[in-house]
Structure formats: C-alpha cells, structure tokens
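Q: File follows, structure.tsv with TSV, C-alpha atoms:
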```
chain	number	residue	atom	x	y	z
A	455	MET	CA	109.22	98.06	112.07
A	456	THR	CA	105.72	97.39	113.39
A	457	ASP	CA	107.00	97.70	116.97
A	458	ASP	CA	108.20	101.23	116.24
A	459	VAL	CA	104.93	102.24	114.60
A	460	ALA	CA	102.96	100.69	117.46
A	461	THR	CA	105.06	102.61	119.99
A	462	ARG	CA	104.36	105.85	118.11
A	463	ALA	CA	100.63	105.10	118.00
A	464	THR	CA	100.61	104.49	121.75
A	465	ALA	CA	102.55	107.68	122.41
A	466	GLY	CA	100.11	109.58	120.23
A	467	PHE	CA	97.16	108.13	122.11
A	468	ARG	CA	98.62	109.15	125.46
A	469	SER	CA	99.39	112.64	124.20
A	470	ALA	CA	95.98	113.18	122.58
A	471	TYR	CA	93.82	111.66	125.30
A	472	GLY	CA	95.89	111.51	128.50
A	473	ALA	CA	95.16	107.81	128.91
A	474	GLU	CA	96.31	104.36	127.85
A	475	PRO	CA	94.76	102.59	124.82
A	476	ALA	CA	92.83	99.37	125.35
A	477	GLY	CA	94.80	97.77	122.54
A	478	ARG	CA	96.65	98.24	119.27
A	479	TRP	CA	95.69	96.88	115.88
A	480	ALA	CA	97.92	96.75	112.79
A	481	ALA	CA	97.18	96.36	109.10
A	482	PRO	CA	99.72	96.29	106.26
A	483	GLY	CA	100.23	98.09	103.04
A	484	ARG	CA	100.27	95.73	100.09
A	485	ALA	CA	102.12	95.19	96.87
A	486	ASN	CA	100.45	93.42	94.01
A	487	LEU	CA	102.85	90.79	92.74
A	488	ILE	CA	100.96	90.54	89.45
A	489	GLY	CA	97.44	91.19	88.15
A	490	GLU	CA	97.00	94.91	87.47
A	491	HIS	CA	93.60	96.39	86.56
A	492	THR	CA	92.14	92.89	86.50
A	493	ASP	CA	90.21	93.33	89.76
A	494	TYR	CA	87.32	95.43	88.46
A	495	ASN	CA	87.16	93.10	85.43
A	496	ASP	CA	86.18	90.18	87.71
A	497	GLY	CA	89.64	88.70	87.19
A	498	PHE	CA	92.54	87.43	89.26
A	499	VAL	CA	95.10	89.22	91.41
A	500	LEU	CA	98.06	88.08	93.50
A	501	PRO	CA	98.96	90.63	96.19
A	502	PHE	CA	101.09	90.15	99.27
A	503	ALA	CA	101.24	92.10	102.51
A	504	LEU	CA	104.20	94.31	103.32
A	505	SER	CA	106.09	94.79	106.56
A	506	LEU	CA	105.09	98.46	106.28
A	507	ARG	CA	102.03	98.85	108.49
A	508	THR	CA	99.46	101.23	109.89
A	509	VAL	CA	98.67	100.92	113.60
A	510	ALA	CA	95.54	102.10	115.40
A	511	ALA	CA	95.81	102.45	119.17
A	512	ALA	CA	92.25	102.63	120.45
A	513	ALA	CA	89.82	102.54	123.37
A	514	THR	CA	86.08	102.92	123.74
A	515	GLN	CA	84.40	106.13	124.80
A	516	PRO	CA	80.77	106.72	125.84
A	517	GLY	CA	78.07	107.54	123.34
A	518	GLU	CA	78.10	107.68	119.56
A	519	THR	CA	81.22	109.80	119.16
A	520	TRP	CA	84.47	108.89	117.46
A	521	THR	CA	87.69	110.85	117.87
A	522	VAL	CA	90.83	110.15	115.88
A	523	TRP	CA	94.33	111.61	116.06
A	524	SER	CA	96.76	111.32	113.14
A	525	GLU	CA	100.51	111.21	113.51
A	526	LEU	CA	100.87	112.40	109.92
A	527	THR	CA	98.96	115.66	110.33
A	528	GLY	CA	98.98	116.13	114.10
A	529	GLU	CA	95.24	116.77	113.88
A	530	THR	CA	92.50	115.42	116.12
A	531	VAL	CA	89.10	115.08	114.44
A	532	SER	CA	85.82	114.21	116.17
A	533	PHE	CA	82.54	113.21	114.60
A	534	GLY	CA	79.24	111.84	115.82
A	535	ALA	CA	76.34	109.81	114.48
A	536	ALA	CA	75.02	112.77	112.48
A	537	GLU	CA	78.34	113.17	110.64
A	538	VAL	CA	78.55	109.48	109.72
A	539	ALA	CA	74.91	109.26	108.69
A	540	ALA	CA	75.74	110.07	105.08
A	541	PRO	CA	78.83	110.23	102.85
A	542	GLY	CA	80.51	113.58	102.45
A	543	ARG	CA	79.95	114.91	105.95
A	544	VAL	CA	83.46	114.04	107.10
A	545	THR	CA	86.20	114.92	104.62
A	546	GLY	CA	89.98	114.62	104.29
A	547	TRP	CA	91.94	111.82	105.88
A	548	ALA	CA	89.35	111.36	108.65
A	549	ALA	CA	86.79	110.31	106.02
A	550	TYR	CA	88.50	106.91	105.83
A	551	VAL	CA	87.84	106.41	109.55
A	552	ALA	CA	84.31	107.80	109.40
A	553	GLY	CA	83.65	105.63	106.36
A	554	VAL	CA	84.43	102.48	108.33
A	555	VAL	CA	82.04	103.54	111.10
A	556	TRP	CA	79.40	104.35	108.48
A	557	ALA	CA	79.83	101.02	106.68
A	558	LEU	CA	79.61	99.05	109.93
A	559	ARG	CA	76.43	100.88	110.92
A	560	GLU	CA	74.96	100.46	107.44
A	561	ALA	CA	75.57	96.71	107.79
A	562	GLY	CA	73.55	96.68	111.03
A	563	HIS	CA	76.35	96.67	113.57
A	564	ALA	CA	76.16	98.70	116.79
A	565	VAL	CA	79.51	100.49	116.75
A	566	SER	CA	80.93	101.59	120.09
A	567	GLY	CA	82.14	105.15	120.42
A	568	ALA	CA	85.92	105.18	120.35
A	569	ARG	CA	89.10	107.21	120.57
A	570	LEU	CA	91.86	106.28	118.15
A	571	ALA	CA	95.43	107.30	117.42
A	572	ILE	CA	96.90	106.43	114.03
A	573	ALA	CA	100.57	105.99	113.11
A	574	SER	CA	101.89	104.50	109.89
A	575	ASP	CA	104.97	103.60	107.87
A	576	VAL	CA	102.99	102.99	104.68
A	577	PRO	CA	103.92	105.89	102.37
A	578	LEU	CA	101.08	107.93	100.94
A	579	GLY	CA	100.56	108.13	97.20
A	580	SER	CA	103.05	105.38	96.38
A	581	GLY	CA	100.61	102.72	95.19
A	582	LEU	CA	101.06	100.56	98.32
A	583	SER	CA	97.48	101.15	99.47
A	584	SER	CA	97.89	103.27	102.57
A	585	SER	CA	94.12	103.86	102.53
A	586	ALA	CA	93.25	100.16	102.81
A	587	ALA	CA	95.82	99.78	105.61
A	588	LEU	CA	94.13	102.60	107.53
A	589	GLU	CA	90.62	101.28	106.94
A	590	SER	CA	91.61	97.73	107.89
A	591	ALA	CA	93.40	98.72	111.11
A	592	VAL	CA	90.46	100.89	112.19
A	593	LEU	CA	87.99	98.17	111.24
A	594	ALA	CA	89.87	95.55	113.28
A	595	ALA	CA	89.94	97.91	116.27
A	596	LEU	CA	86.24	98.76	116.13
A	597	VAL	CA	85.19	95.14	115.64
A	598	ASP	CA	87.18	94.00	118.67
A	599	LEU	CA	86.25	96.95	120.89
A	600	GLY	CA	82.56	96.43	120.15
A	601	GLY	CA	82.65	92.64	120.24
A	602	LEU	CA	81.09	92.61	116.77
A	603	ASP	CA	80.37	89.42	114.86
A	604	LEU	CA	82.23	90.09	111.60
A	605	PRO	CA	84.35	87.19	110.28
A	606	ALA	CA	87.54	88.01	108.40
A	607	GLU	CA	86.13	86.89	105.05
A	608	ARG	CA	83.36	89.53	105.27
A	609	ARG	CA	85.59	92.41	106.29
A	610	PRO	CA	87.22	93.31	102.95
A	611	ARG	CA	83.88	94.03	101.26
A	612	LEU	CA	82.83	96.27	104.14
A	613	ALA	CA	86.13	98.19	104.10
A	614	GLN	CA	85.85	98.54	100.33
A	615	ARG	CA	82.33	99.93	100.74
A	616	ALA	CA	83.71	102.54	103.13
A	617	GLU	CA	86.21	103.67	100.50
A	618	ASN	CA	83.86	103.46	97.51
A	619	ALA	CA	80.64	104.85	98.92
A	620	TYR	CA	81.78	107.12	101.75
A	621	VAL	CA	85.18	108.41	100.63
A	622	GLY	CA	84.27	108.23	96.94
A	623	ALA	CA	87.32	106.34	95.64
A	624	PRO	CA	86.42	103.65	93.05
A	625	THR	CA	88.78	100.89	94.22
A	626	GLY	CA	88.31	97.18	93.65
A	627	ILE	CA	88.28	94.51	96.35
A	628	MET	CA	92.00	93.62	96.15
A	629	ASP	CA	93.50	96.21	98.48
A	630	GLN	CA	91.27	95.49	101.45
A	631	SER	CA	91.46	91.73	100.87
A	632	ALA	CA	95.25	91.86	101.00
A	633	ALA	CA	95.36	94.12	104.06
A	634	ILE	CA	92.99	91.83	105.96
A	635	ARG	CA	93.51	88.29	104.69
A	636	CYS	CA	97.19	87.89	103.74
A	637	ARG	CA	99.52	85.46	105.55
A	638	ALA	CA	103.25	85.75	106.17
A	639	GLY	CA	105.34	83.96	103.56
A	640	HIS	CA	102.45	83.76	101.12
A	641	ALA	CA	100.78	85.67	98.32
A	642	LEU	CA	96.99	85.93	98.25
A	643	PHE	CA	95.46	84.44	95.09
A	644	LEU	CA	92.14	86.24	94.91
A	645	ASP	CA	89.32	85.58	92.47
A	646	CYS	CA	87.67	89.01	92.29
A	647	ARG	CA	84.40	87.56	91.00
A	648	ASP	CA	83.53	85.26	93.89
A	649	GLU	CA	86.10	86.62	96.38
A	650	SER	CA	87.50	83.15	97.04
A	651	VAL	CA	91.12	83.12	98.17
A	652	GLU	CA	94.02	80.71	98.21
A	653	HIS	CA	97.23	81.30	100.12
A	654	ILE	CA	100.07	80.58	97.70
A	655	PRO	CA	103.55	79.83	99.13
A	656	PHE	CA	105.83	82.79	98.42
A	657	ASP	CA	108.76	82.28	100.76
A	658	LEU	CA	111.33	84.63	99.27
A	659	ASP	CA	113.68	84.27	102.22
A	660	ALA	CA	113.94	80.48	101.86
A	661	ALA	CA	114.72	80.90	98.15
A	662	GLY	CA	117.49	83.40	98.83
A	663	LEU	CA	115.43	86.11	97.15
A	664	ALA	CA	113.93	89.43	98.14
A	665	MET	CA	111.48	91.91	96.71
A	666	LEU	CA	112.91	95.35	96.15
A	667	VAL	CA	110.20	98.01	96.26
A	668	VAL	CA	111.28	101.19	94.51
A	669	ASP	CA	109.24	104.31	95.24
A	670	SER	CA	109.40	106.16	91.94
A	671	ARG	CA	108.67	109.52	93.61
A	672	ALA	CA	106.88	110.37	90.39
A	673	PRO	CA	103.95	112.71	90.92
A	674	HIS	CA	100.66	111.01	90.12
A	675	ARG	CA	99.65	112.55	86.82
A	676	HIS	CA	95.87	112.66	86.31
A	677	ALA	CA	95.63	109.27	88.00
A	678	ASP	CA	91.97	109.51	89.06
A	679	GLY	CA	90.63	110.54	85.66
A	680	GLU	CA	92.82	108.07	83.81
A	681	TYR	CA	91.81	105.23	86.14
A	682	ALA	CA	88.16	105.98	85.45
A	683	ALA	CA	88.86	106.12	81.70
A	684	ARG	CA	90.56	102.70	81.75
A	685	ARG	CA	87.67	101.21	83.65
A	686	LYS	CA	85.15	102.66	81.22
A	687	SER	CA	87.15	101.32	78.27
A	688	CYS	CA	87.17	97.82	79.78
A	689	GLU	CA	83.42	97.95	80.38
A	690	HIS	CA	82.93	99.12	76.78
A	691	GLY	CA	85.02	96.19	75.52
A	692	ALA	CA	83.07	93.66	77.58
A	693	GLU	CA	79.80	95.11	76.31
A	694	GLN	CA	80.93	94.85	72.69
A	695	LEU	CA	82.02	91.26	73.21
A	696	GLY	CA	78.77	90.35	74.95
A	697	VAL	CA	80.40	89.05	78.14
A	698	PRO	CA	79.72	90.01	81.78
A	699	ALA	CA	83.35	91.06	82.25
A	700	LEU	CA	86.69	90.74	80.48
A	701	ARG	CA	87.54	87.84	82.78
A	702	ASP	CA	85.20	85.81	80.56
A	703	VAL	CA	87.39	86.26	77.47
A	704	ASP	CA	89.69	83.24	77.21
A	705	VAL	CA	93.27	83.92	76.16
A	706	ALA	CA	92.98	81.20	73.51
A	707	GLY	CA	90.19	83.13	71.83
A	708	LEU	CA	91.75	86.55	72.31
A	709	ASP	CA	92.63	87.21	68.66
A	710	ASP	CA	89.08	86.49	67.56
A	711	ALA	CA	87.73	88.72	70.33
A	712	LEU	CA	90.02	91.60	69.40
A	713	ALA	CA	88.90	91.41	65.79
A	714	ARG	CA	85.32	92.05	66.92
A	715	LEU	CA	86.17	95.34	68.66
A	716	ASP	CA	85.64	98.62	66.89
A	717	ASP	CA	88.71	100.66	67.83
A	718	ASP	CA	92.39	100.09	68.51
A	719	GLU	CA	92.44	101.66	71.95
A	720	THR	CA	89.77	99.28	73.23
A	721	ARG	CA	91.67	96.38	71.66
A	722	ARG	CA	94.81	97.31	73.58
A	723	ARG	CA	92.96	97.69	76.86
A	724	VAL	CA	91.22	94.34	76.43
A	725	ARG	CA	94.44	92.60	75.41
A	726	HIS	CA	96.16	93.80	78.58
A	727	VAL	CA	93.43	92.55	80.89
A	728	VAL	CA	93.03	89.15	79.24
A	729	THR	CA	96.77	88.45	79.04
A	730	GLU	CA	97.31	89.79	82.56
A	731	ASP	CA	94.76	87.35	83.96
A	732	GLN	CA	96.67	84.55	82.25
A	733	ARG	CA	99.97	85.82	83.69
A	734	VAL	CA	98.45	85.63	87.17
A	735	LEU	CA	97.41	82.02	86.59
A	736	ASP	CA	100.85	81.15	85.20
A	737	THR	CA	102.58	82.80	88.19
A	738	VAL	CA	100.40	80.88	90.63
A	739	ALA	CA	101.23	77.61	88.86
A	740	LEU	CA	104.97	78.28	89.15
A	741	LEU	CA	104.72	79.24	92.83
A	742	ARG	CA	102.67	76.15	93.64
A	743	ALA	CA	105.46	74.11	92.04
A	744	GLY	CA	108.12	75.90	94.11
A	745	ARG	CA	109.68	77.47	91.00
A	746	ILE	CA	109.79	80.94	92.46
A	747	ARG	CA	112.78	82.20	90.46
A	748	GLU	CA	110.96	81.48	87.21
A	749	ILE	CA	108.22	84.05	87.75
A	750	GLY	CA	110.58	86.90	86.81
A	751	PRO	CA	109.80	86.96	83.06
A	752	LEU	CA	106.07	87.06	83.82
A	753	LEU	CA	106.56	90.15	85.98
A	754	THR	CA	108.52	91.85	83.20
A	755	ALA	CA	105.92	90.89	80.58
A	756	SER	CA	103.24	92.37	82.82
A	757	HIS	CA	105.10	95.66	82.88
A	758	ALA	CA	105.44	95.74	79.10
A	759	SER	CA	101.70	95.18	78.80
A	760	MET	CA	100.94	98.01	81.23
A	761	ARG	CA	103.31	100.28	79.34
A	762	ASP	CA	102.26	99.50	75.79
A	763	ASP	CA	98.66	98.26	75.91
A	764	PHE	CA	97.20	99.85	79.03
A	765	GLU	CA	99.42	102.93	78.85
A	766	ILE	CA	99.61	103.61	82.60
A	767	THR	CA	103.36	103.92	83.19
A	768	VAL	CA	105.44	107.11	83.29
A	769	PRO	CA	109.12	107.74	82.43
A	770	GLU	CA	110.33	107.39	86.02
A	771	ILE	CA	108.61	104.01	86.36
A	772	ASP	CA	109.95	102.70	83.05
A	773	THR	CA	113.46	103.89	83.94
A	774	ALA	CA	113.34	102.04	87.26
A	775	VAL	CA	112.21	98.81	85.60
A	776	GLU	CA	114.84	99.01	82.85
A	777	ALA	CA	117.65	99.82	85.29
A	778	ALA	CA	116.67	97.04	87.68
A	779	LEU	CA	116.63	94.46	84.90
A	780	ALA	CA	119.98	95.67	83.54
A	781	ALA	CA	121.45	95.32	87.04
A	782	GLY	CA	120.40	91.67	87.32
A	783	ALA	CA	116.84	91.66	88.66
A	784	LEU	CA	115.02	88.44	87.73
A	785	GLY	CA	111.93	90.44	86.83
A	786	ALA	CA	110.48	93.88	87.44
A	787	ARG	CA	107.16	95.63	87.02
A	788	MET	CA	105.14	98.58	88.16
A	789	THR	CA	102.66	97.77	90.92
A	790	GLY	CA	99.48	99.69	91.59
A	791	GLY	CA	97.04	101.70	89.55
A	792	GLY	CA	99.67	103.53	87.52
A	793	PHE	CA	100.84	107.03	86.61
A	794	GLY	CA	103.38	106.98	89.45
A	795	GLY	CA	103.79	104.78	92.49
A	796	CYS	CA	106.18	101.88	92.96
A	797	VAL	CA	108.14	99.27	91.06
A	798	LEU	CA	108.70	95.71	92.27
A	799	ALA	CA	111.97	94.02	91.39
A	800	LEU	CA	112.52	90.34	92.20
A	801	VAL	CA	116.20	90.08	93.15
A	802	ASP	CA	118.72	87.79	94.76
A	803	ALA	CA	118.75	88.94	98.38
A	804	ALA	CA	122.48	89.68	98.28
A	805	ALA	CA	122.03	91.90	95.21
A	806	ALA	CA	119.19	94.10	96.48
A	807	GLU	CA	121.33	97.14	97.31
A	808	THR	CA	123.29	96.83	94.06
A	809	VAL	CA	120.07	96.87	92.05
A	810	ALA	CA	118.73	99.79	94.10
A	811	ALA	CA	121.94	101.73	93.47
A	812	ALA	CA	121.63	101.11	89.73
A	813	VAL	CA	118.09	102.51	89.73
A	814	THR	CA	119.24	105.57	91.68
A	815	ALA	CA	122.07	106.15	89.19
A	816	ALA	CA	119.69	105.85	86.25
A	817	TYR	CA	117.41	108.43	87.85
A	818	ALA	CA	120.33	110.82	88.30
A	819	GLU	CA	121.25	110.45	84.62
A	820	ARG	CA	117.69	111.38	83.61
A	821	GLY	CA	117.45	114.28	86.06
A	822	PHE	CA	114.62	112.68	88.05
A	823	THR	CA	114.02	113.17	91.77
A	824	ALA	CA	115.96	110.44	93.59
A	825	PRO	CA	113.83	107.33	94.24
A	826	GLY	CA	113.28	105.66	97.58
A	827	HIS	CA	113.55	101.94	98.16
A	828	VAL	CA	112.91	99.25	100.73
A	829	THR	CA	113.45	95.48	100.65
A	830	VAL	CA	110.44	93.50	101.81
A	831	LEU	CA	109.25	89.98	102.52
A	832	PRO	CA	105.57	88.86	102.49
A	833	GLY	CA	103.99	89.60	105.87
A	834	PRO	CA	100.70	88.96	107.68
A	835	GLY	CA	97.38	90.75	107.28
A	836	ALA	CA	95.49	92.77	109.89
A	837	THR	CA	96.00	91.64	113.44
A	838	ARG	CA	95.63	92.72	117.04
A	839	LEU	CA	99.05	93.37	118.54
A	840	ASP	CA	98.02	93.41	122.21
```
Let me see the structure of the file written as structure tokens.
A:
Amino acid sequence: MTDDVATRATAGFRSAYGAEPAGRWAAPGRANLIGEHTDYNDGFVLPFALSLRTVAAAATQPGETWTVWSELTGETVSFGAAEVAAPGRVTGWAAYVAGVVWALREAGHAVSGARLAIASDVPLGSGLSSSAALESAVLAALVDLGGLDLPAERRPRLAQRAENAYVGAPTGIMDQSAAIRCRAGHALFLDCRDESVEHIPFDLDAAGLAMLVVDSRAPHRHADGEYAARRKSCEHGAEQLGVPALRDVDVAGLDDALARLDDDETRRRVRHVVTEDQRVLDTVALLRAGRIREIGPLLTASHASMRDDFEITVPEIDTAVEAALAAGALGARMTGGGFGGCVLALVDAAAAETVAAAVTAAYAERGFTAPGHVTVLPGPGATRLD
C-alpha cells in the first residue's frame, strides 16, 4: 500500500513542480491497542503503527519559502518565514506543515526551504491520527533535507508542539511517538510521563491473528469540546486527590480515592483512567509472555470503561463492538479520542471478513451508514523510502 501512496506523491510532485523529488518519506497512522485518555494523565499507552501511511515527496528550494501540494485537496500552498513566525498565520491543512517548520525553527534549527507533495491512505477523522502521520512525514523530510541533528527520540515532542502550539489541537504525546518510533511486529509501550519506550512483541501474523479496524463512519459529535471537558475533569480529580496526575493513583487504592471525590462524574472519569492504566500494564505482561490471544478480554473491558465511565462512545461504535464480539472476535474496543472514529477487533485471521460482515449487517439493521473496514498488522514508524 505504501508503494502506491509513494507513487502518487511522486506523481503529485512532478505535476505541481515540473521536477523530480529528492526523496520520499513515509509515516504511518496509528491505532492504540489499549490505553485511552491515559496519555494526558501521565499514564501508559500501547499504540502500534498501521500499514496506512502518509508520504511526503520533497526537495529543497532556495530561501526561506515552503510550498506544499496536497493530493486530498489539489491545492498548493506557499508560506515564508513571516507566515511561520507565529501560530495562526497559516490555517487549514497546511497549518500542520507550517507548524513543523515553526517548531523546528523555535528549537533552533535552520530549516531549508522546501517543496513538498503529500499523498495519504490514512483516513481523516477516523481516530487513526492522520495529523500525526502528516507531521511526522514532513518532519522526517525536512530533517533529512536540511541535514539537521534531531534524533528520533526527540522528534515526537517537537511534532506534538507543532500540533499543540501552532495548529491549536490539544493532543498528547502518543500519536507522534507512534508515528515516529514504532517497529514492525511490535506495539510501542510508552510511559507518557518520562517518554520512555519499550517495543513489545505483537506479531499477530505468527499467532494466526489479525486486527480488524472498523471505521464507524459516525460523525464526530462535539468531539473537541468533550475532549477538553474530559481533560478538565481528570485534572480536577487529580487536584482533589492531591496527586500530580491520575497516573499516581494506584489501582489497589482506587476505592479509597474515589470516596474522597466530591461528585459522581469525577469518580467515573478517575475510575476509567486508573483502571485503564492497569489494563495497559496487564496487556503488556501478557504480550511479553507470548500470550497474545489472552489480551482480548482486556480490550473488551477497556471499551466498557470508555462507554460507561468515560462516556465517549456513540451508538455506531457500541454496535460495532457488540457485533464483532458476537461474531467471534477475541476482544474489541473503540480506539482514539471518542465520539466517532474506529473500532479494533482482535480476530483469527481466517475470520476477519466474517466478523466484518457481521458488523456491516448490524449497522444495516440499525439504519446506520455502512462502516468501512481494513485488516492490519503492526508496521514500522516514520522512514525514508528512497
């Protein structure tokens, strides 16, 4: 699939600029296996990279000017040093590119002028982090083109800064870490407090398993405001409990902690985060032991917690999870920030299409827009293709 996207990026570069690119850089979308809304609570997450990728074909150009063409919109946008001097001066999809240039310059790097062409198979608005894929592909291209000294472990924070401070989206560090640092056949166990990572074996193919990703096609309902509200509630809970972040509440002392909170909504939000952190740790332990099939119930428990305690699912998402489980999935859960997006279902590889068909049938019965689906295996993070 990457070859096709890379070919389209190259064709776009030729069409937009009448020249050949100096190289092509790819970065993946990601799915979070488990650990939802734990990232901004200094907790643990376990994402893996998808085979769906964004490719930037790029070459340098003189001066401090950056030009980018998008396959998705057909637009070509140019901006100079004045436009990237402060957030808000470049808007729309091009802000993600300008934000990377801005963040690099803010960090003291001399960024070469460049022409870029972007193509992608990561669907927008599906919770698979198309924005981090775009930022990470552009970042890899600009670092290589400029010969910049920026090790991989420092890149996620810079890409996150581009999205937080320039674009204005309050994401945690997980998306960019996954897009940049994942390895094929592994999940990325990330401690969001100290940003340490461990590559956990997650070889679905060897286990005869696959991950079915169901695009719910549900419109994101008030996602930005609700995300901010959940974050505020978690911060309120941590403040009441006198801890730096909810990561510092041990699951063994959860009942005592909940009793100290002053309202039921905060209790539910805190309970989700604390138990979700524990589910990440339990999943990692099973994967380290090679017991990959046994993680299914943890995925399903995570979904129930998101549905009941964190209240971020929607009817389409719940229908997909229920139908997948009824059709034989080992476990299923929503992935992403919520209020739409995608569902992950851990399935026997031979049963993937049967499970997908069951979800589609359940959607038809409820009168929902038909879902999309793709079967994926854990892939690599950002890389230069040629």
Q: Can you list, as a ChimeraX atom specification, every protein, DNA or RNA residue that comes within 12 Å of Val734 (chain A) when you count all atoms listed in the file, leaving out same-chain residues fewer than 3 positions away?
A: /A:486-493,497-501,641-645,654,701,727-731,737-741,749,752-753,755-756
Q: For CA of Arg635 (chain A) and CA of Ala613 (chain A), quote the distance in Å rounded to one decimal.
A: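 Straight-line distance from CA of Arg635 (chain A) to CA of Ala613 (chain A) works out to 12.4 Å.
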Q: Smallest atom-to-atom distance to Gly567 (chain A): which of A:Leu593, A:Thr823, A:Gln515, A:Asp763, using all atoms listed in the file?
A: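 Selected residue with least distance to Gly567 (chain A): A:Gln515.
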Q: Which residues, written as a compact mmCIF listing (two decimals) with C-alpha atoms, in the coordinates of the input, have at least one atom at most 9 Å from Val768 (chain A), with all atoms listed in the file counted and residues fewer than 5 positions away on the same chain left out?
A:
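Wrote part_31.txt, looks like this:
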```txt
# COMPACT_ATOMS: atom_id res chain seq x y z
CA ALA A 672 106.88 110.37 90.39
CA ARG A 675 99.65 112.55 86.82
CA ARG A 761 103.31 100.28 79.34
CA THR A 773 113.46 103.89 83.94
CA GLY A 792 99.67 103.53 87.52
CA PHE A 793 100.84 107.03 86.61
CA GLY A 794 103.38 106.98 89.45
```
Q: With a distance cut-off of 12 Å and all atoms listed in the file, select the neighbouring residues of Ala619 (chain A), excluding the residue or stretch itself and same-chain residues fewer than 4 positions from it, and output the selection as a list in words.
A: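 Answer for this query is Val538, Ala540, Pro541, Gly542, Ala549, Tyr550, Ala552, Gly553, Val554, Trp556, Ala557, Glu560, Arg611, Leu612, Ala613, Gln614, Arg615, Ala623, Pro624 and Thr625 of chain A.
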Q: Missing atoms in region 565-572 of chain A need filling: write out all heavy atoms for it as a PDB file, keeping the file's coordinate frame.
A:
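Result written to out_24.pdb:
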```
ATOM      1  N   VAL A 565      78.094 100.143 116.628  1.00  0.00           N
ATOM      2  CA  VAL A 565      79.510 100.490 116.750  1.00  0.00           C
ATOM      3  C   VAL A 565      79.734 101.318 118.010  1.00  0.00           C
ATOM      4  O   VAL A 565      79.109 102.375 118.177  1.00  0.00           O
ATOM      5  CB  VAL A 565      79.997 101.272 115.515  1.00  0.00           C
ATOM      6  CG1 VAL A 565      81.498 101.481 115.576  1.00  0.00           C
ATOM      7  CG2 VAL A 565      79.607 100.549 114.240  1.00  0.00           C
ATOM      8  N   SER A 566      80.606 100.849 118.876  1.00  0.00           N
ATOM      9  CA  SER A 566      80.930 101.590 120.090  1.00  0.00           C
ATOM     10  C   SER A 566      81.634 102.893 119.753  1.00  0.00           C
ATOM     11  O   SER A 566      82.438 102.954 118.811  1.00  0.00           O
ATOM     12  CB  SER A 566      81.850 100.754 120.994  1.00  0.00           C
ATOM     13  OG  SER A 566      81.264  99.525 121.335  1.00  0.00           O
ATOM     14  N   GLY A 567      81.340 103.942 120.516  1.00  0.00           N
ATOM     15  CA  GLY A 567      82.140 105.150 120.420  1.00  0.00           C
ATOM     16  C   GLY A 567      83.583 104.813 120.750  1.00  0.00           C
ATOM     17  O   GLY A 567      83.865 103.884 121.523  1.00  0.00           O
ATOM     18  N   ALA A 568      84.516 105.541 120.158  1.00  0.00           N
ATOM     19  CA  ALA A 568      85.920 105.180 120.350  1.00  0.00           C
ATOM     20  C   ALA A 568      86.828 106.377 120.179  1.00  0.00           C
ATOM     21  O   ALA A 568      86.485 107.357 119.512  1.00  0.00           O
ATOM     22  CB  ALA A 568      86.326 104.081 119.368  1.00  0.00           C
ATOM     23  N   ARG A 569      87.987 106.292 120.803  1.00  0.00           N
ATOM     24  CA  ARG A 569      89.100 107.210 120.570  1.00  0.00           C
ATOM     25  C   ARG A 569      90.218 106.416 119.926  1.00  0.00           C
ATOM     26  O   ARG A 569      90.527 105.312 120.375  1.00  0.00           O
ATOM     27  CB  ARG A 569      89.572 107.834 121.888  1.00  0.00           C
ATOM     28  CG  ARG A 569      88.521 108.691 122.576  1.00  0.00           C
ATOM     29  CD  ARG A 569      89.020 109.251 123.894  1.00  0.00           C
ATOM     30  NE  ARG A 569      89.257 108.204 124.864  1.00  0.00           N
ATOM     31  CZ  ARG A 569      89.700 108.427 126.113  1.00  0.00           C
ATOM     32  NH1 ARG A 569      89.960 109.653 126.514  1.00  0.00           N
ATOM     33  NH2 ARG A 569      89.885 107.429 126.933  1.00  0.00           N
ATOM     34  N   LEU A 570      90.814 106.979 118.886  1.00  0.00           N
ATOM     35  CA  LEU A 570      91.860 106.280 118.150  1.00  0.00           C
ATOM     36  C   LEU A 570      93.039 107.194 117.910  1.00  0.00           C
ATOM     37  O   LEU A 570      92.885 108.415 117.772  1.00  0.00           O
ATOM     38  CB  LEU A 570      91.335 105.767 116.809  1.00  0.00           C
ATOM     39  CG  LEU A 570      90.104 104.866 116.815  1.00  0.00           C
ATOM     40  CD1 LEU A 570      88.860 105.685 116.420  1.00  0.00           C
ATOM     41  CD2 LEU A 570      90.263 103.697 115.852  1.00  0.00           C
ATOM     42  N   ALA A 571      94.214 106.592 117.833  1.00  0.00           N
ATOM     43  CA  ALA A 571      95.430 107.300 117.420  1.00  0.00           C
ATOM     44  C   ALA A 571      96.081 106.466 116.325  1.00  0.00           C
ATOM     45  O   ALA A 571      96.273 105.252 116.485  1.00  0.00           O
ATOM     46  CB  ALA A 571      96.387 107.481 118.595  1.00  0.00           C
ATOM     47  N   ILE A 572      96.409 107.119 115.219  1.00  0.00           N
ATOM     48  CA  ILE A 572      96.900 106.430 114.030  1.00  0.00           C
ATOM     49  C   ILE A 572      98.339 106.801 113.757  1.00  0.00           C
ATOM     50  O   ILE A 572      98.692 107.988 113.695  1.00  0.00           O
ATOM     51  CB  ILE A 572      96.054 106.792 112.795  1.00  0.00           C
ATOM     52  CG1 ILE A 572      94.555 106.578 113.057  1.00  0.00           C
ATOM     53  CG2 ILE A 572      96.529 106.006 111.575  1.00  0.00           C
ATOM     54  CD1 ILE A 572      94.154 105.152 113.306  1.00  0.00           C
TER      55      ILE A 572
END
```
